[in-house]
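So this block is model-v8.cif, mmCIF, C-alpha atoms:
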```cif
data_upload
loop_
_atom_site.label_atom_id
_atom_site.label_comp_id
_atom_site.auth_asym_id
_atom_site.auth_seq_id
_atom_site.Cartn_x
_atom_site.Cartn_y
_atom_site.Cartn_z
CA MET A 99 -20.14 -11.76 -7.54
CA ARG A 100 -18.25 -8.71 -6.24
CA ARG A 101 -21.34 -7.53 -4.35
CA THR A 102 -21.79 -10.87 -2.59
CA VAL A 103 -18.25 -10.77 -1.18
CA PRO A 104 -17.94 -8.56 1.94
CA PRO A 105 -15.61 -5.59 1.28
CA GLN A 106 -13.62 -6.57 4.37
CA ALA A 107 -12.65 -9.81 2.60
CA TYR A 108 -11.02 -7.81 -0.21
CA PHE A 109 -9.08 -5.88 2.41
CA VAL A 110 -7.79 -9.10 4.01
CA VAL A 111 -6.43 -10.14 0.60
CA SER A 112 -4.78 -6.74 0.21
CA ALA A 113 -3.27 -6.84 3.70
CA THR A 114 -1.84 -10.33 3.13
CA PHE A 115 -0.07 -9.48 -0.11
CA HIS A 116 0.98 -6.02 1.09
CA TYR A 117 3.94 -7.55 2.95
CA LEU A 118 4.67 -10.57 0.75
CA GLY A 119 5.91 -8.17 -1.94
CA PRO A 120 8.36 -6.25 0.28
CA ALA A 121 9.67 -9.56 1.68
CA LEU A 122 10.66 -10.54 -1.87
CA ALA A 123 11.93 -7.06 -2.67
CA VAL A 124 14.39 -6.94 0.23
CA LEU A 125 16.00 -10.12 -1.11
CA LEU A 126 16.59 -8.37 -4.43
CA PHE A 127 18.45 -5.41 -2.94
CA ALA A 128 21.73 -7.35 -3.05
CA ARG A 129 21.50 -7.43 -6.87
CA ILE A 130 19.40 -4.38 -7.77
CA GLU A 131 19.36 -0.92 -6.22
CA PRO A 132 16.15 0.04 -4.35
CA LEU A 133 15.01 2.52 -7.01
CA GLY A 134 15.50 -0.17 -9.64
CA VAL A 135 13.36 -2.62 -7.66
CA ALA A 136 10.72 0.09 -7.19
CA TRP A 137 10.56 0.81 -10.92
CA LEU A 138 10.43 -2.89 -11.84
CA ARG A 139 7.55 -3.32 -9.38
CA ILE A 140 5.64 -0.41 -10.93
CA ALA A 141 6.47 -1.35 -14.53
CA ALA A 142 5.51 -5.01 -14.09
CA ALA A 143 2.17 -4.00 -12.62
CA GLY A 144 1.66 -1.35 -15.32
CA LEU A 145 2.30 -3.90 -18.09
CA ILE A 146 -0.07 -6.45 -16.56
CA PHE A 147 -2.82 -3.84 -16.20
CA ALA A 148 -2.26 -2.64 -19.78
CA ILE A 149 -2.70 -6.16 -21.18
CA TRP A 150 -5.63 -6.93 -18.90
CA ARG A 151 -7.64 -3.69 -19.02
CA ARG A 152 -6.42 -1.78 -22.11
CA PRO A 153 -6.92 1.44 -20.13
CA TRP A 154 -6.29 3.83 -23.03
CA ARG A 155 -9.84 3.10 -24.19
CA ALA A 156 -11.21 4.37 -20.87
CA TRP A 157 -8.98 7.48 -21.01
CA ARG A 158 -10.75 8.80 -24.12
CA ALA A 159 -14.10 8.86 -22.32
CA LEU A 160 -12.89 10.77 -19.23
CA ASP A 161 -13.54 14.42 -18.46
CA MET A 162 -10.62 16.70 -17.57
CA ARG A 163 -11.28 16.53 -13.83
CA THR A 164 -11.15 12.73 -13.73
CA ARG A 165 -8.05 12.69 -15.93
CA GLY A 166 -6.33 15.05 -13.51
CA LEU A 167 -7.34 12.81 -10.61
CA VAL A 168 -5.89 9.73 -12.31
CA VAL A 169 -2.61 11.49 -13.19
CA ALA A 170 -2.26 12.79 -9.64
CA TRP A 171 -2.80 9.28 -8.29
CA GLY A 172 -0.18 7.94 -10.69
CA ALA A 173 2.33 10.54 -9.51
CA VAL A 174 1.65 9.57 -5.89
CA LEU A 175 2.13 5.87 -6.72
CA ALA A 176 5.49 6.59 -8.39
CA LEU A 177 6.79 8.71 -5.51
CA MET A 178 5.34 6.48 -2.77
CA ASN A 179 6.88 3.27 -4.10
CA SER A 180 10.25 4.93 -4.62
CA CYS A 181 10.31 6.42 -1.11
CA PHE A 182 9.13 3.13 0.42
CA TYR A 183 11.99 1.10 -1.02
CA LEU A 184 14.55 3.77 -0.21
CA ALA A 185 13.18 3.77 3.35
CA ILE A 186 13.24 -0.01 3.95
CA ASP A 187 16.79 -0.10 2.58
CA ARG A 188 17.84 2.09 5.52
CA ILE A 189 15.20 1.71 8.26
CA PRO A 190 13.65 -1.47 9.77
CA LEU A 191 10.43 -2.47 8.01
CA GLY A 192 8.45 -2.35 11.26
CA THR A 193 9.45 1.25 11.86
CA VAL A 194 8.54 2.21 8.29
CA ALA A 195 5.17 0.46 8.71
CA ALA A 196 4.43 2.35 11.92
CA ALA A 197 5.27 5.69 10.35
CA GLU A 198 3.21 4.78 7.28
CA PHE A 199 0.16 4.24 9.45
CA ALA A 200 0.44 7.51 11.43
CA PRO A 201 -1.13 9.92 8.86
CA VAL A 202 -3.71 7.29 7.91
CA ILE A 203 -5.10 7.04 11.42
CA VAL A 204 -5.61 10.82 11.24
CA LEU A 205 -7.86 10.18 8.22
CA ALA A 206 -9.85 7.73 10.31
CA ALA A 207 -10.10 10.22 13.18
CA ILE A 208 -11.30 13.09 10.97
CA ALA A 209 -14.58 11.32 10.20
CA VAL A 210 -15.19 10.03 13.74
CA ARG A 211 -18.73 10.82 14.86
CA SER A 212 -19.14 8.75 18.04
CA ALA A 213 -17.39 7.88 21.28
CA ARG A 214 -17.27 4.26 20.10
CA ASN A 215 -15.26 5.20 17.01
CA VAL A 216 -12.96 7.48 19.02
CA LEU A 217 -12.16 4.50 21.24
CA ALA A 218 -11.59 2.33 18.16
CA VAL A 219 -9.07 4.81 16.72
CA LEU A 220 -7.25 5.11 20.06
CA LEU A 221 -7.09 1.32 20.46
CA ALA A 222 -5.72 0.93 16.93
CA ALA A 223 -3.03 3.55 17.61
CA VAL A 224 -1.99 1.81 20.86
CA GLY A 225 -1.88 -1.59 19.18
CA VAL A 226 0.23 -0.40 16.26
CA TYR A 227 2.60 1.42 18.60
CA LEU A 228 3.12 -1.71 20.72
CA LEU A 229 3.52 -3.89 17.65
CA THR A 230 6.02 -1.81 15.75
CA ASP A 231 8.02 -0.31 18.65
CA ILE A 232 9.01 2.86 16.78
CA ARG A 233 12.59 3.90 17.44
CA LEU A 234 14.53 7.02 16.57
CA SER A 235 17.31 6.61 14.05
CA ASP A 236 20.49 8.47 13.27
CA ASP A 237 19.90 7.90 9.57
CA TRP A 238 18.29 11.19 8.66
CA ALA A 239 17.97 10.30 4.99
CA GLY A 240 16.11 7.15 6.00
CA LEU A 241 13.80 9.17 8.24
CA VAL A 242 13.07 11.63 5.41
CA PHE A 243 12.17 8.77 3.06
CA THR A 244 10.08 7.15 5.79
CA ALA A 245 8.16 10.35 6.55
CA SER A 246 7.66 11.08 2.84
CA ASN A 247 6.33 7.57 2.26
CA ALA A 248 3.89 7.96 5.17
CA ILE A 249 2.45 11.21 3.79
CA LEU A 250 2.22 9.77 0.30
CA PHE A 251 0.47 6.66 1.61
CA ALA A 252 -2.25 8.86 3.09
CA ALA A 253 -2.54 10.60 -0.29
CA TYR A 254 -2.81 7.16 -1.94
CA VAL A 255 -5.81 6.36 0.28
CA VAL A 256 -7.55 9.68 -0.42
CA LEU A 257 -6.99 9.68 -4.19
CA GLY A 258 -7.64 5.97 -4.54
CA HIS A 259 -10.94 6.34 -2.74
CA ARG A 260 -11.99 9.15 -5.09
CA VAL A 261 -10.99 7.19 -8.19
CA SER A 262 -12.90 4.12 -6.95
CA ARG A 263 -16.08 6.23 -6.79
CA ALA A 264 -15.67 8.19 -10.03
CA ALA A 265 -18.90 7.70 -11.97
CA SER A 266 -17.22 7.91 -15.39
CA LEU A 267 -14.52 5.32 -14.62
CA ARG A 268 -14.59 1.64 -13.83
CA ARG A 269 -12.55 0.95 -10.71
CA ILE A 270 -9.83 -1.26 -12.18
CA ASP A 271 -9.50 0.94 -15.27
CA GLY A 272 -8.66 3.92 -13.06
CA LEU A 273 -6.00 1.87 -11.28
CA ALA A 274 -4.60 0.69 -14.62
CA LEU A 275 -4.34 4.27 -15.91
CA ALA A 276 -2.68 5.46 -12.70
CA MET A 277 -0.16 2.60 -12.74
CA GLY A 278 0.72 3.32 -16.37
CA THR A 279 1.25 6.96 -15.45
CA ALA A 280 3.44 5.92 -12.51
CA THR A 281 5.55 3.69 -14.80
CA VAL A 282 6.33 6.62 -17.10
CA LEU A 283 6.96 9.11 -14.28
CA ALA A 284 9.33 6.77 -12.40
CA LEU A 285 11.23 5.82 -15.58
CA PRO A 286 13.95 8.52 -15.39
CA VAL A 287 15.04 7.61 -11.84
CA GLY A 288 14.45 3.86 -11.80
CA ALA A 289 15.02 2.32 -15.22
CA TRP A 290 18.82 2.63 -15.21
CA ALA A 291 19.06 1.07 -11.76
CA ALA A 292 16.91 -1.84 -13.00
CA VAL A 293 19.28 -2.76 -15.86
CA PRO A 294 20.90 -5.77 -14.03
CA ALA A 295 17.51 -7.53 -13.98
CA PHE A 296 17.34 -7.60 -17.79
CA ALA A 297 20.52 -9.69 -17.98
CA ASP A 298 19.20 -12.40 -15.64
CA ILE A 299 15.86 -14.06 -16.42
CA GLY A 300 15.54 -15.40 -12.87
CA LEU A 301 16.11 -11.98 -11.39
CA LEU A 302 13.62 -10.43 -13.80
CA ALA A 303 11.01 -13.06 -12.92
CA ALA A 304 11.51 -12.33 -9.22
CA ALA A 305 11.04 -8.61 -9.88
CA VAL A 306 7.81 -9.32 -11.79
CA GLY A 307 6.69 -11.42 -8.82
CA VAL A 308 7.28 -8.41 -6.57
CA GLY A 309 5.10 -6.32 -8.88
CA VAL A 310 2.27 -8.86 -8.85
CA CYS A 311 2.38 -9.32 -5.06
CA SER A 312 2.88 -5.64 -4.22
CA SER A 313 0.99 -3.66 -6.83
CA VAL A 314 -1.47 -5.86 -8.73
CA ILE A 315 -3.23 -8.08 -6.19
CA PRO A 316 -3.33 -5.66 -3.22
CA TYR A 317 -4.19 -2.55 -5.26
CA VAL A 318 -7.04 -4.31 -7.09
CA ALA A 319 -8.35 -5.58 -3.75
CA ASP A 320 -8.03 -2.05 -2.32
CA GLN A 321 -10.16 -0.63 -5.14
CA LEU A 322 -12.87 -3.23 -4.63
CA ALA A 323 -12.89 -2.51 -0.89
CA MET A 324 -12.72 1.30 -1.22
CA ALA A 325 -15.75 1.35 -3.51
CA ARG A 326 -17.93 -0.05 -0.71
CA LEU A 327 -16.28 1.27 2.46
CA GLN A 328 -16.16 4.81 3.76
CA ARG A 329 -12.70 6.35 3.66
CA SER A 330 -12.51 6.56 7.46
CA THR A 331 -13.37 2.87 7.83
CA PHE A 332 -10.82 1.83 5.22
CA ALA A 333 -8.19 4.03 6.85
CA LEU A 334 -8.81 2.46 10.24
CA MET A 335 -8.65 -1.07 8.80
CA LEU A 336 -5.15 -0.27 7.58
CA ALA A 337 -4.14 -0.74 11.22
CA LEU A 338 -4.30 -4.45 10.40
CA LEU A 339 -1.23 -4.15 8.14
CA PRO A 340 1.39 -4.32 10.93
CA ALA A 341 -0.60 -7.17 12.48
CA THR A 342 -0.59 -8.98 9.13
CA ALA A 343 3.16 -8.42 8.88
CA THR A 344 3.60 -10.13 12.26
CA VAL A 345 1.59 -13.17 11.14
CA ILE A 346 3.47 -13.43 7.82
CA GLY A 347 6.78 -13.13 9.67
CA ALA A 348 5.80 -16.03 11.95
CA VAL A 349 4.53 -18.30 9.15
CA VAL A 350 6.97 -17.50 6.33
CA LEU A 351 10.11 -16.27 8.08
CA ARG A 352 9.72 -18.24 11.35
CA GLN A 353 9.87 -14.98 13.31
CA ILE A 354 7.78 -16.07 16.29
CA PRO A 355 6.12 -13.02 17.93
CA ARG A 356 6.74 -12.16 21.55
CA PRO A 357 3.79 -12.09 24.00
CA ALA A 358 3.67 -8.28 23.78
CA GLU A 359 3.32 -8.53 19.99
CA VAL A 360 0.49 -11.06 20.30
CA LEU A 361 -1.26 -8.66 22.70
CA ALA A 362 -0.79 -5.81 20.22
CA VAL A 363 -2.35 -7.86 17.41
CA ALA A 364 -5.33 -8.63 19.65
CA ILE A 365 -5.76 -4.92 20.45
CA VAL A 366 -5.71 -3.97 16.76
CA VAL A 367 -8.27 -6.66 15.86
CA ALA A 368 -10.49 -5.48 18.74
CA ALA A 369 -10.27 -1.90 17.45
CA ILE A 370 -11.38 -2.95 13.97
CA GLY A 371 -14.29 -4.90 15.45
CA LEU A 372 -15.31 -1.97 17.64
CA HIS A 373 -15.47 0.59 14.82
CA ARG A 374 -18.86 1.19 13.19
CA GLU A 375 -19.38 2.81 9.81
CA ALA A 376 -22.08 5.44 9.48
CA ALA A 377 -25.14 4.48 7.46
#
```

Would you write out, as structure tokens, the structure that this file holds?
Amino acid sequence: MRRTVPPQAYFVVSATFHYLGPALAVLLFARIEPLGVAWLRIAAAGLIFAIWRRPWRAWRALDMRTRGLVVAWGAVLALMNSCFYLAIDRIPLGTVAAAEFAPVIVLAAIAVRSARNVLAVLLAAVGVYLLTDIRLSDDWAGLVFTASNAILFAAYVVLGHRVSRAASLRRIDGLALAMGTATVLALPVGAWAAVPAFADIGLLAAAVGVGVCSSVIPYVADQLAMARLQRSTFALMLALLPATATVIGAVVLRQIPRPAEVLAVAIVVAAIGLHREAA
């Protein structure tokens, strides 16, 4: 079944849920501190993966190199999610999204082998710039978290791609192990901030929903897409994320895009269509 579904379809699922999760998370900031929301997101996903995949069985069969890869990916997930929520608590989500994409488009450019793909990367960069309208901020802490999240997101793509292709590890099992690692690593900084959620079942359910929307559905879809797409192609397709955010904002939040934003979305979609993966 997985082979009959185009890998781009998995990416569309990932892109859709990538921003549904943060939309829920921002609503929780009034009751739970950002690091608490980040840890609840990671822990909820880690628990779901543990029940679903029982990843400790896969761990025993791994060689030391693959174990190190999984642990490194887990550390990146813990740091990336924490920095992301600290960033969107201080900086507009569109600005954070633009910064998040910047190192990733470099990944796409590294593997460019044709004039056609160079044009695709340039078009994607122009479209994302128009769509997100990056602005400078006086909040230096917010900028540090934003920049850190962007670098870590690029590391997520690189490590996730390697895990998805590890011969000794099934794709979802690697993700489950990494998410369990992230849950433990983020525990010291996030668990205490998450305490208010455990006194309110509704709040806890909302936090679990954030974990499912942000870390379970999109990360599983990412792994299924990464296994069949070259890293450069996947990195370029990430340009669709700000475009997806615009569509979700219009449908869910009634934030109707301006004509310039519609043009930017069209440019990004054209860039994705123009790019060609090497055989």

Query raised in the report: Which polymer residues, protein or nucleic acid, are no farther than 12 Å from (6.7, 3.2, -13.8), counting only C-alpha atoms, as a count of residues only?
Result: 41

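The point (-12.7, -2.0, 0.7) has these residues within 10 Å of it when all atoms listed in the file are used: Pro104, Pro105, Gln106, Ala107, Tyr108, Phe109, Val110, Ser112, His259, Ser262, Val318, Ala319, Asp320, Gln321, Leu322, Ala323, Met324, Ala325, Arg326, Leu327, Gln328, Arg329, Thr331, Phe332, Ala333 and Met335 of chain A.
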
Report task. Excluding Thr114 of chain A and residues on its chain fewer than 3 positions from it, collect all residues at most 9 Å away from it, counting all atoms listed in the file, and give them as a count of residues only. Result -> 10

Query - Nearest-residue call for Asp187 of chain A, choices A:Phe127, A:Tyr317, A:Phe296, A:Tyr254, using all atoms listed in the file - result: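 Between A:Phe127, A:Tyr317, A:Phe296, A:Tyr254, the residue approaching Asp187 of chain A most closely is A:Phe127.
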
Report task. State, in Å with one decimal place, the distance from atom CA of Leu126 of chain A to atom CA of Leu301 of chain A. Result -> 7.9 Å
